[in-house]
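Below: data01.cif (mmCIF, C-alpha atoms and all ligand atoms)
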data_entry
loop_
_atom_site.label_atom_id
_atom_site.label_comp_id
_atom_site.auth_asym_id
_atom_site.auth_seq_id
_atom_site.Cartn_x
_atom_site.Cartn_y
_atom_site.Cartn_z
CA MET Y 216 147.45 -52.61 188.84
CA PRO Y 217 144.66 -54.57 190.50
CA ALA Y 218 141.16 -53.49 189.51
CA ALA Y 219 140.52 -52.09 193.00
CA TYR Y 220 143.16 -49.44 192.30
CA TYR Y 221 140.64 -47.97 189.86
CA ARG Y 222 137.46 -48.89 191.73
CA SER Y 223 138.02 -48.37 195.45
CA GLU Y 224 136.03 -45.58 197.08
CA GLU Y 225 138.43 -45.56 200.01
CA PHE Y 226 141.44 -45.11 197.74
CA LEU Y 227 139.70 -42.25 195.92
CA GLN Y 228 139.34 -40.41 199.24
CA LEU Y 229 143.10 -40.82 199.80
CA GLU Y 230 143.77 -39.53 196.28
CA LEU Y 231 141.61 -36.47 196.86
CA GLU Y 232 143.42 -35.76 200.11
CA GLN Y 233 146.99 -36.47 199.08
CA LEU Y 234 146.97 -35.61 195.39
CA PHE Y 235 144.21 -33.16 194.56
CA ARG Y 236 144.45 -31.16 197.80
CA ARG Y 237 148.26 -31.25 198.09
CA GLN Y 238 149.74 -31.27 194.58
CA TRP Y 239 149.71 -28.67 191.82
CA ILE Y 240 146.50 -28.97 189.83
CA CYS Y 241 146.11 -27.17 186.52
CA LEU Y 242 142.82 -25.28 186.37
CA ALA Y 243 143.08 -23.00 183.32
CA ARG Y 244 145.15 -21.39 180.58
CA GLN Y 245 146.50 -17.96 181.49
CA GLU Y 246 144.87 -16.31 178.45
CA GLU Y 247 141.42 -17.34 179.73
CA ILE Y 248 141.87 -14.49 182.20
CA GLY Y 249 144.00 -12.17 180.08
CA LYS Y 250 142.86 -8.70 181.22
CA PRO Y 251 142.71 -7.10 184.70
CA GLY Y 252 139.41 -8.10 186.31
CA ASP Y 253 138.97 -11.24 184.16
CA PHE Y 254 137.95 -14.21 186.29
CA VAL Y 255 136.97 -17.88 186.05
CA VAL Y 256 135.53 -20.16 188.72
CA ARG Y 257 136.87 -23.72 188.85
CA ASP Y 258 136.25 -26.66 191.15
CA LEU Y 259 139.25 -28.28 192.81
CA ALA Y 260 138.40 -31.41 194.80
CA GLY Y 261 135.24 -29.82 196.19
CA GLU Y 262 136.76 -26.36 196.75
CA SER Y 263 135.38 -23.56 194.62
CA VAL Y 264 138.38 -21.56 193.37
CA LEU Y 265 138.14 -18.07 191.88
CA LEU Y 266 141.03 -17.23 189.53
CA VAL Y 267 141.31 -13.48 188.99
CA ARG Y 268 143.72 -11.37 186.90
CA GLN Y 269 145.05 -8.45 188.95
CA ASP Y 270 145.86 -4.92 187.77
CA ASN Y 271 149.59 -5.72 188.06
CA GLY Y 272 149.21 -8.71 185.72
CA SER Y 273 149.50 -11.43 188.37
CA ILE Y 274 146.81 -14.06 188.94
CA HIS Y 275 145.24 -14.61 192.36
CA ALA Y 276 143.57 -17.91 193.28
CA LEU Y 277 140.94 -17.07 195.90
CA SER Y 278 138.43 -19.09 197.86
CA ASN Y 279 135.06 -18.44 196.18
CA VAL Y 280 133.21 -18.81 199.49
CA CYS Y 281 131.69 -15.72 201.13
CA LEU Y 282 133.12 -14.79 204.54
CA HIS Y 283 129.61 -14.06 205.83
CA ARG Y 284 127.52 -17.24 205.70
CA GLY Y 285 129.39 -19.27 203.12
CA THR Y 286 127.56 -18.75 199.84
CA LEU Y 287 129.49 -19.17 196.59
CA ILE Y 288 130.31 -15.66 195.42
CA ALA Y 289 131.06 -15.78 191.68
CA GLU Y 290 129.93 -18.12 188.91
CA GLY Y 291 131.32 -19.08 185.50
CA SER Y 292 133.59 -16.44 184.03
CA GLY Y 293 133.58 -12.73 183.23
CA ASN Y 294 135.21 -9.40 183.98
CA THR Y 295 134.54 -7.28 187.05
CA ARG Y 296 135.96 -4.58 189.35
CA ARG Y 297 134.17 -5.99 192.42
CA PHE Y 298 132.68 -9.29 193.51
CA VAL Y 299 129.30 -8.86 195.19
CA CYS Y 300 127.94 -11.85 197.09
CA PRO Y 301 124.48 -12.68 195.69
CA TYR Y 302 123.07 -13.39 199.17
CA HIS Y 303 123.54 -10.25 201.38
CA ALA Y 304 125.78 -8.21 199.07
CA TRP Y 305 129.05 -8.37 200.95
CA THR Y 306 131.52 -6.93 198.47
CA TYR Y 307 135.11 -7.91 197.70
CA SER Y 308 137.92 -6.41 195.61
CA THR Y 309 139.45 -8.51 192.82
CA ALA Y 310 142.33 -9.19 195.24
CA GLY Y 311 139.85 -10.66 197.75
CA GLU Y 312 139.70 -7.82 200.32
CA LEU Y 313 136.33 -7.38 202.00
CA LEU Y 314 135.25 -3.82 201.10
CA ARG Y 315 131.65 -3.55 202.20
CA MET Y 316 129.10 -5.22 204.48
CA PRO Y 317 125.65 -3.58 204.17
CA LEU Y 318 124.30 -2.33 207.53
CA VAL Y 319 127.35 -3.58 209.45
CA GLU Y 320 129.91 -1.23 211.03
CA ARG Y 321 132.82 -0.76 208.64
CA SER Y 322 135.33 -1.16 211.47
CA GLU Y 323 134.26 -4.78 211.76
CA CYS Y 324 135.41 -5.68 208.25
CA ARG Y 325 138.85 -4.11 208.40
CA ASN Y 326 141.60 -6.45 207.16
CA LEU Y 327 139.25 -9.30 206.32
CA ARG Y 328 139.96 -11.05 203.04
CA LEU Y 329 139.13 -14.23 201.17
CA PRO Y 330 141.61 -17.07 201.74
CA GLU Y 331 144.18 -17.15 198.94
CA PHE Y 332 145.72 -20.32 197.51
CA ARG Y 333 149.16 -20.86 196.00
CA CYS Y 334 149.17 -20.23 192.25
CA GLU Y 335 151.92 -20.76 189.66
CA ILE Y 336 152.09 -20.40 185.90
CA TRP Y 337 154.09 -22.85 183.79
CA GLY Y 338 153.98 -22.98 179.99
CA GLY Y 339 150.95 -20.68 180.01
CA PHE Y 340 149.02 -23.10 182.26
CA VAL Y 341 147.65 -21.93 185.63
CA TYR Y 342 148.23 -24.34 188.52
CA VAL Y 343 146.77 -24.06 192.01
CA ASN Y 344 147.85 -25.84 195.18
CA LEU Y 345 145.56 -25.91 198.24
CA ASP Y 346 148.55 -26.80 200.44
CA GLN Y 347 150.28 -23.60 201.60
CA ASN Y 348 153.43 -25.58 202.43
CA ALA Y 349 153.81 -27.32 199.06
CA ALA Y 350 157.16 -27.09 197.27
CA SER Y 351 157.17 -24.78 194.27
CA LEU Y 352 156.13 -26.44 190.99
CA SER Y 353 158.64 -25.09 188.44
CA PRO Y 354 161.77 -26.69 189.96
CA GLN Y 355 159.95 -30.04 189.86
CA LEU Y 356 159.44 -29.62 186.11
CA GLU Y 357 163.00 -28.66 185.17
CA GLY Y 358 163.64 -31.55 182.75
CA LEU Y 359 160.24 -31.10 181.13
CA SER Y 360 160.86 -27.37 180.72
CA ALA Y 361 164.04 -28.17 178.78
CA LEU Y 362 162.15 -30.58 176.49
CA THR Y 363 159.26 -28.21 175.77
CA ARG Y 364 160.86 -24.74 176.07
CA ASN Y 365 161.31 -24.07 172.34
CA TYR Y 366 157.64 -24.75 171.59
CA HIS Y 367 156.80 -21.66 173.72
CA MET Y 368 153.45 -22.89 175.01
CA GLU Y 369 153.24 -19.66 177.03
CA GLU Y 370 152.77 -17.80 173.72
CA MET Y 371 149.96 -20.07 172.54
CA THR Y 372 146.32 -18.97 172.63
CA LEU Y 373 143.32 -21.06 173.61
CA SER Y 374 141.32 -21.78 170.45
CA TYR Y 375 139.08 -24.66 171.53
CA SER Y 376 137.69 -25.81 174.86
CA ALA Y 377 135.03 -28.26 175.97
CA GLU Y 378 134.02 -30.13 179.08
CA GLN Y 379 133.15 -33.82 179.15
CA VAL Y 380 132.39 -36.40 181.82
CA TRP Y 381 133.75 -39.87 181.08
CA PRO Y 382 132.34 -42.93 182.92
CA VAL Y 383 135.75 -44.17 184.08
CA ASN Y 384 138.16 -43.67 186.94
CA TRP Y 385 140.33 -40.59 186.38
CA LYS Y 386 143.54 -42.67 186.27
CA CYS Y 387 142.29 -44.78 183.33
CA LEU Y 388 141.98 -41.62 181.27
CA ALA Y 389 145.33 -40.19 182.41
CA GLU Y 390 147.19 -43.45 181.69
CA ASN Y 391 145.51 -43.83 178.32
CA PHE Y 392 146.47 -40.31 177.25
CA MET Y 393 150.03 -40.97 178.34
CA GLU Y 394 150.82 -44.19 176.45
CA GLY Y 395 151.65 -44.56 172.77
CA TYR Y 396 151.02 -48.31 172.56
CA HIS Y 397 147.42 -47.85 171.38
CA LEU Y 398 148.04 -45.01 168.91
CA SER Y 399 148.34 -47.00 165.68
CA HIS Y 400 145.50 -49.39 166.55
CA VAL Y 401 142.83 -47.19 168.17
CA HIS Y 402 143.60 -44.07 166.13
CA GLN Y 403 144.23 -45.75 162.77
CA GLU Y 404 142.98 -42.88 160.65
CA THR Y 405 143.61 -39.94 162.96
CA LEU Y 406 146.94 -40.28 164.80
CA HIS Y 407 148.60 -43.27 163.15
CA PRO Y 408 149.57 -41.29 159.99
CA VAL Y 409 151.10 -38.55 162.21
CA THR Y 410 152.46 -40.24 165.35
CA PRO Y 411 152.53 -44.02 164.86
CA THR Y 412 153.23 -46.33 167.80
CA HIS Y 413 156.52 -47.63 166.39
CA LEU Y 414 158.09 -44.14 166.47
CA CYS Y 415 157.32 -43.44 170.16
CA GLU Y 416 160.29 -42.77 172.44
CA HIS Y 417 160.05 -42.80 176.21
CA PHE Y 418 161.84 -40.06 178.16
CA ALA Y 419 162.98 -40.20 181.78
CA PRO Y 420 160.38 -38.97 184.28
CA GLY Y 421 161.05 -36.20 186.80
CA LEU Y 422 159.67 -35.43 190.24
CA ALA Y 423 156.31 -34.14 189.03
CA TYR Y 424 156.18 -35.17 185.37
CA LEU Y 425 156.45 -38.11 183.00
CA GLY Y 426 156.10 -38.54 179.26
CA TYR Y 427 157.26 -39.71 175.87
CA ASN Y 428 158.06 -38.24 172.48
CA SER Y 429 155.72 -39.10 169.63
CA ARG Y 430 157.70 -38.71 166.45
CA TYR Y 431 156.33 -38.02 162.96
CA PRO Y 432 157.34 -40.10 159.93
CA ALA Y 433 160.16 -38.39 157.94
CA THR Y 434 157.75 -37.91 155.05
CA TYR Y 435 155.20 -36.05 157.17
CA VAL Y 436 154.83 -32.37 156.28
CA GLN Y 437 154.89 -29.66 158.97
CA ARG Y 438 151.63 -29.28 160.87
CA GLY Y 439 151.60 -25.48 160.92
CA LYS Y 440 153.62 -22.45 161.92
CA GLY Y 441 155.64 -22.67 165.14
CA HIS Y 442 158.20 -20.64 167.10
CA HIS Y 443 161.49 -19.82 165.34
CA ASP Y 444 163.44 -21.26 168.30
CA LEU Y 445 162.38 -24.77 167.26
CA SER Y 446 165.04 -26.93 165.61
CA ASP Y 447 164.12 -29.07 162.58
CA ALA Y 448 164.24 -32.13 164.84
CA GLU Y 449 161.84 -30.54 167.36
CA LYS Y 450 159.41 -29.70 164.57
CA GLN Y 451 159.18 -33.43 163.79
CA VAL Y 452 158.16 -34.51 167.28
CA SER Y 453 155.38 -33.95 169.81
CA PRO Y 454 156.40 -34.31 173.46
CA MET Y 455 153.48 -35.96 175.30
CA PHE Y 456 153.61 -35.19 179.01
CA ALA Y 457 151.74 -35.36 182.29
CA VAL Y 458 152.22 -32.75 184.99
CA MET Y 459 151.26 -35.09 187.77
CA PRO Y 460 148.70 -35.92 188.73
CA ALA Y 461 145.92 -34.41 186.63
CA HIS Y 462 147.20 -32.45 183.63
CA VAL Y 463 148.01 -34.45 180.49
CA ALA Y 464 149.06 -32.77 177.26
CA GLY Y 465 150.84 -33.00 173.98
CA VAL Y 466 152.67 -30.15 172.31
CA ALA Y 467 153.55 -29.71 168.65
CA ALA Y 468 155.03 -26.70 166.86
CA HIS Y 469 151.59 -25.37 165.95
CA ALA Y 470 149.54 -26.19 169.10
CA THR Y 471 149.20 -27.81 172.48
CA SER Y 472 146.25 -30.11 173.21
CA TYR Y 473 145.46 -31.04 176.79
CA LEU Y 474 143.09 -32.49 179.36
CA LEU Y 475 142.57 -31.21 182.90
CA LEU Y 476 141.14 -33.98 185.05
CA GLN Y 477 138.97 -33.90 188.19
CA PRO Y 478 137.50 -37.09 189.69
CA GLN Y 479 133.71 -37.08 190.00
CA GLY Y 480 133.48 -40.13 192.22
CA VAL Y 481 135.40 -43.34 191.69
CA ASP Y 482 133.79 -44.17 188.34
CA ALA Y 483 133.59 -40.78 186.61
CA VAL Y 484 136.02 -38.06 185.63
CA ARG Y 485 135.36 -34.55 184.43
CA ALA Y 486 137.78 -33.63 181.66
CA GLN Y 487 138.31 -30.09 180.52
CA LEU Y 488 139.58 -30.40 176.94
CA GLY Y 489 141.61 -27.60 175.42
CA VAL Y 490 143.70 -26.69 172.40
CA ALA Y 491 145.91 -23.60 172.30
CA VAL Y 492 147.46 -22.60 168.97
CA TYR Y 493 150.80 -20.90 168.33
CA ASP Y 494 149.62 -18.80 165.40
CA ASP Y 495 146.50 -17.00 166.59
CA SER Y 496 146.08 -15.36 163.16
CA ILE Y 497 144.99 -18.60 161.48
CA SER Y 498 141.36 -18.65 160.31
CA GLU Y 499 138.48 -19.54 162.64
CA GLN Y 500 137.81 -22.48 160.36
CA LYS Y 501 141.35 -23.78 160.82
CA LYS Y 502 141.04 -23.41 164.61
CA GLU Y 503 137.78 -25.30 164.49
CA GLU Y 504 139.40 -28.07 162.42
CA ILE Y 505 142.23 -28.45 164.95
CA GLY Y 506 139.73 -28.57 167.83
CA MET Y 507 137.49 -31.08 166.06
CA PHE Y 508 140.48 -33.30 165.29
CA PHE Y 509 141.34 -33.41 169.00
CA GLU Y 510 137.73 -34.13 169.92
CA LYS Y 511 137.58 -36.96 167.38
CA VAL Y 512 140.74 -38.54 168.83
CA MET Y 513 139.31 -38.22 172.35
CA ASN Y 514 136.06 -39.87 171.24
CA GLU Y 515 138.06 -42.82 169.88
CA ASP Y 516 139.71 -43.11 173.30
CA LYS Y 517 136.43 -42.71 175.15
CA GLU Y 518 135.00 -45.78 173.45
CA GLN Y 519 137.98 -47.87 174.56
CA MET Y 520 137.97 -46.46 178.09
CA THR Y 521 134.32 -47.32 178.58
CA ARG Y 522 135.05 -50.93 177.57
CA LEU Y 523 138.15 -51.05 179.75
CA TYR Y 524 136.33 -49.82 182.83
CA THR Y 525 133.59 -52.42 182.41
CA GLY Y 526 136.26 -55.13 181.98
CA LEU Y 527 138.03 -54.05 185.16
CA ALA Y 528 134.93 -55.04 187.14
CA SER Y 529 135.50 -58.71 186.22
CA ARG Y 530 136.57 -61.04 189.03
CA PHE Y 531 138.70 -62.89 186.49
CA TYR Y 532 140.89 -59.97 185.44
CA GLU Y 533 144.50 -60.08 186.63
CA PRO Y 534 147.06 -57.46 185.62
CA ARG Y 535 149.99 -58.91 183.65
CA VAL Y 536 152.89 -57.47 181.64
CA LEU Y 537 153.15 -54.04 180.08
CA ALA Y 538 154.71 -53.39 176.67
CA SER Y 539 158.28 -52.08 176.41
CA ALA Y 540 159.39 -48.64 177.64
CA PRO Y 541 158.84 -46.67 174.39
CA HIS Y 542 155.22 -47.84 174.30
CA GLU Y 543 154.02 -48.25 177.88
CA GLY Y 544 156.95 -47.01 179.98
CA THR Y 545 154.84 -44.03 180.98
CA VAL Y 546 152.22 -46.31 182.55
CA LEU Y 547 154.96 -47.77 184.73
CA ASP Y 548 156.18 -44.23 185.51
CA PHE Y 549 152.61 -43.38 186.56
CA TYR Y 550 152.54 -46.39 188.93
CA HIS Y 551 155.92 -45.40 190.36
CA TYR Y 552 154.68 -41.86 191.00
CA MET Y 553 151.61 -43.23 192.78
CA ASP Y 554 153.80 -45.62 194.73
CA ARG Y 555 155.94 -42.71 195.96
CA VAL Y 556 152.82 -40.96 197.24
CA PHE Y 557 150.78 -43.94 198.50
CA ASN Y 558 152.96 -47.03 198.61
CA VAL Y 559 150.51 -48.75 196.24
CA GLU Y 560 152.70 -51.83 195.85
CA THR Y 561 151.13 -52.91 199.08
CA PHE Y 562 147.69 -51.90 197.79
CA ASP Y 563 145.17 -54.45 198.96
CA SER Y 564 143.27 -55.79 195.97
S1 LIG Y 601 126.54 -15.13 202.53
FE1 LIG Y 601 127.58 -13.65 201.35
S2 LIG Y 601 126.79 -11.80 202.04
FE2 LIG Y 601 125.74 -13.24 203.22
FE FE Y 602 144.40 -42.23 172.46
#
Can you give me the file's structure in the form of structure tokens?
Ligand code: FES
Ligand SMILES: [Fe+2]
Amino acid sequence: MPAAYYRSEEFLQLELEQLFRRQWICLARQEEIGKPGDFVVRDLAGESVLLVRQDNGSIHALSNVCLHRGTLIAEGSGNTRRFVCPYHAWTYSTAGELLRMPLVERSECRNLRLPEFRCEIWGGFVYVNLDQNAASLSPQLEGLSALTRNYHMEEMTLSYSAEQVWPVNWKCLAENFMEGYHLSHVHQETLHPVTPTHLCEHFAPGLAYLGYNSRYPATYVQRGKGHHDLSDAEKQVSPMFAVMPAHVAGVAAHATSYLLLQPQGVDAVRAQLGVAVYDDSISEQKKEEIGMFFEKVMNEDKEQMTRLYTGLASRFYEPRVLASAPHEGTVLDFYHYMDRVFNVETFDS
């Protein structure tokens, strides 16, 4: 893609409008809000979204903006029975109903509630869509569900999370996570012994996903306990997938590692890093080791991405060929997805 694809302010505004405000964006793991009243606040393309676990077990995605004069209601995460606005104390239930307005006639607040966004869970991940008319997510992930079902990501438990801001366009990071071409070279000591480039296998993309299988050498020993549904063949492979546009992940028998991406301008992306493990009874030290391994791999990528983004500013850079499908087919799939949404083949560089 031409460098402007990664550097145009105008194109970023289109992406925010047509991708981040209209597609399904993963904001959390379901176990982050496991109990009734648990909540987290997340930003989605400038909208403050309040995810709250209800008494009936469902998750509501509410606008975190007070109906009175527009202050942000909740912050961070926690557990509560009521949300009280910090400005004039208007009070909301965990389902978003306005319950109380100090010194205002109660009749005036009847039936008022915080706007609610569409919310779906897939594989234990919580996705929100700001577009009320969007097609449901799960049917768009059918093929990916078949490939990942036996790993039972929905039974995994978050064991590591961190937030980082990388000085690159969000697509550079997404594309990098999704290609296996660099694995053996950039991650010589970390990933190459486990998932070398030459064993990568591309799989066909679907409506809202793309990915490849990273296969372990036959001699590689199991990486930890996984679900009994997994076949021996599945235990020897990690499907790497993107739920388009902003959730990239890999899943192995013992864990899923992922990034949730949000652009912070054209030249910065906020990445929420997470690892969820299948066997929650492993020691804290083991969980820490798995998390640190993921962070180390991401740091290796970060160094390359910083160099790449500087290089893309050159007037002499011209995009040329990509490697074959097993190694960079996912980058092409990414371009095709973007082309379906934006017609980027006619993108003016
Ligand atoms: S802005 Fe929330 S109560 Fe006034
Ligand atoms: Fe990498």
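Environment of (142.8, -17.7, 203.8): residues at most 12 Å away, judged by only C-alpha atoms, are Val264, Ala276, Leu277, Ser278, Asn279, Val280, Cys281, Leu282, Gly311, Glu312, Asn326, Leu327, Arg328, Leu329, Pro330, Glu331, Phe332, Arg333, Leu345, Asp346 and Gln347 of chain Y.
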Could you check how far CA of Tyr396 in chain Y sits from CA of Ala538 in chain Y, in Å to one decimal?
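Separation between CA of Tyr396 in chain Y and CA of Ala538 in chain Y: 7.5 Å.
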Tell me, as number ranges by chain, which residues lie within 6 Å of range 422-426 of chain Y, counting all atoms listed in the file; anything in the same chain fewer than 4 positions away does not count.
Y: 355, 455-459, 545
Leaving out Trp337 in chain Y and any residue of its chain fewer than 4 positions from it, which residues lie within 10 Å of it when counting all atoms listed in the file, given as a list in words?
Cys241, Arg244, Gln245, Val341, Tyr342, Leu352, Ser353, Leu356, Ser360, Met368 and Glu369 of chain Y
Using all atoms listed in the file, find all polymer residues with an atom at most 10 Å away from the point (149.5, -52.9, 180.6); report them as a list in words.
Met216, Glu390, Glu394, Tyr396, Pro534, Arg535, Val536, Leu537, Ala538, Ser539, His542, Glu543, Gly544, Val546 and Leu547 of chain Y
Once you have the residues from the selection above, write them out as an mmCIF file, keeping the file's coordinate frame, restricted to C-alpha atoms.
data_model
loop_
_atom_site.group_PDB
_atom_site.id
_atom_site.type_symbol
_atom_site.label_atom_id
_atom_site.label_comp_id
_atom_site.auth_asym_id
_atom_site.auth_seq_id
_atom_site.Cartn_x
_atom_site.Cartn_y
_atom_site.Cartn_z
ATOM 1 C CA MET Y 216 147.450 -52.610 188.840
ATOM 2 C CA GLU Y 390 147.190 -43.450 181.690
ATOM 3 C CA GLU Y 394 150.820 -44.190 176.450
ATOM 4 C CA TYR Y 396 151.020 -48.310 172.560
ATOM 5 C CA PRO Y 534 147.060 -57.460 185.620
ATOM 6 C CA ARG Y 535 149.990 -58.910 183.650
ATOM 7 C CA VAL Y 536 152.890 -57.470 181.640
ATOM 8 C CA LEU Y 537 153.150 -54.040 180.080
ATOM 9 C CA ALA Y 538 154.710 -53.390 176.670
ATOM 10 C CA SER Y 539 158.280 -52.080 176.410
ATOM 11 C CA HIS Y 542 155.220 -47.840 174.300
ATOM 12 C CA GLU Y 543 154.020 -48.250 177.880
ATOM 13 C CA GLY Y 544 156.950 -47.010 179.980
ATOM 14 C CA VAL Y 546 152.220 -46.310 182.550
ATOM 15 C CA LEU Y 547 154.960 -47.770 184.730
#
Using all atoms listed in the file, pick whichever of Y:Leu527, Y:Val463, Y:Val492, Y:Leu476 has the shortest atom-to-atom distance to ligand FE 602 (chain Y).
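Of all the options, Y:Val463 lies closest to ligand FE 602 (chain Y).
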Please return as an mmCIF file with C-alpha atoms, keeping the file's coordinate frame the residues found within 10 Å of ligand LIG 601 (chain Y), counting all atoms listed in the file.
data_model
loop_
_atom_site.group_PDB
_atom_site.id
_atom_site.type_symbol
_atom_site.label_atom_id
_atom_site.label_comp_id
_atom_site.auth_asym_id
_atom_site.auth_seq_id
_atom_site.Cartn_x
_atom_site.Cartn_y
_atom_site.Cartn_z
ATOM 1 C CA VAL Y 280 133.210 -18.810 199.490
ATOM 2 C CA CYS Y 281 131.690 -15.720 201.130
ATOM 3 C CA LEU Y 282 133.120 -14.790 204.540
ATOM 4 C CA HIS Y 283 129.610 -14.060 205.830
ATOM 5 C CA ARG Y 284 127.520 -17.240 205.700
ATOM 6 C CA GLY Y 285 129.390 -19.270 203.120
ATOM 7 C CA THR Y 286 127.560 -18.750 199.840
ATOM 8 C CA LEU Y 287 129.490 -19.170 196.590
ATOM 9 C CA ILE Y 288 130.310 -15.660 195.420
ATOM 10 C CA VAL Y 299 129.300 -8.860 195.190
ATOM 11 C CA CYS Y 300 127.940 -11.850 197.090
ATOM 12 C CA PRO Y 301 124.480 -12.680 195.690
ATOM 13 C CA TYR Y 302 123.070 -13.390 199.170
ATOM 14 C CA HIS Y 303 123.540 -10.250 201.380
ATOM 15 C CA ALA Y 304 125.780 -8.210 199.070
ATOM 16 C CA TRP Y 305 129.050 -8.370 200.950
ATOM 17 C CA THR Y 306 131.520 -6.930 198.470
ATOM 18 C CA ARG Y 315 131.650 -3.550 202.200
ATOM 19 C CA MET Y 316 129.100 -5.220 204.480
ATOM 20 C CA PRO Y 317 125.650 -3.580 204.170
#
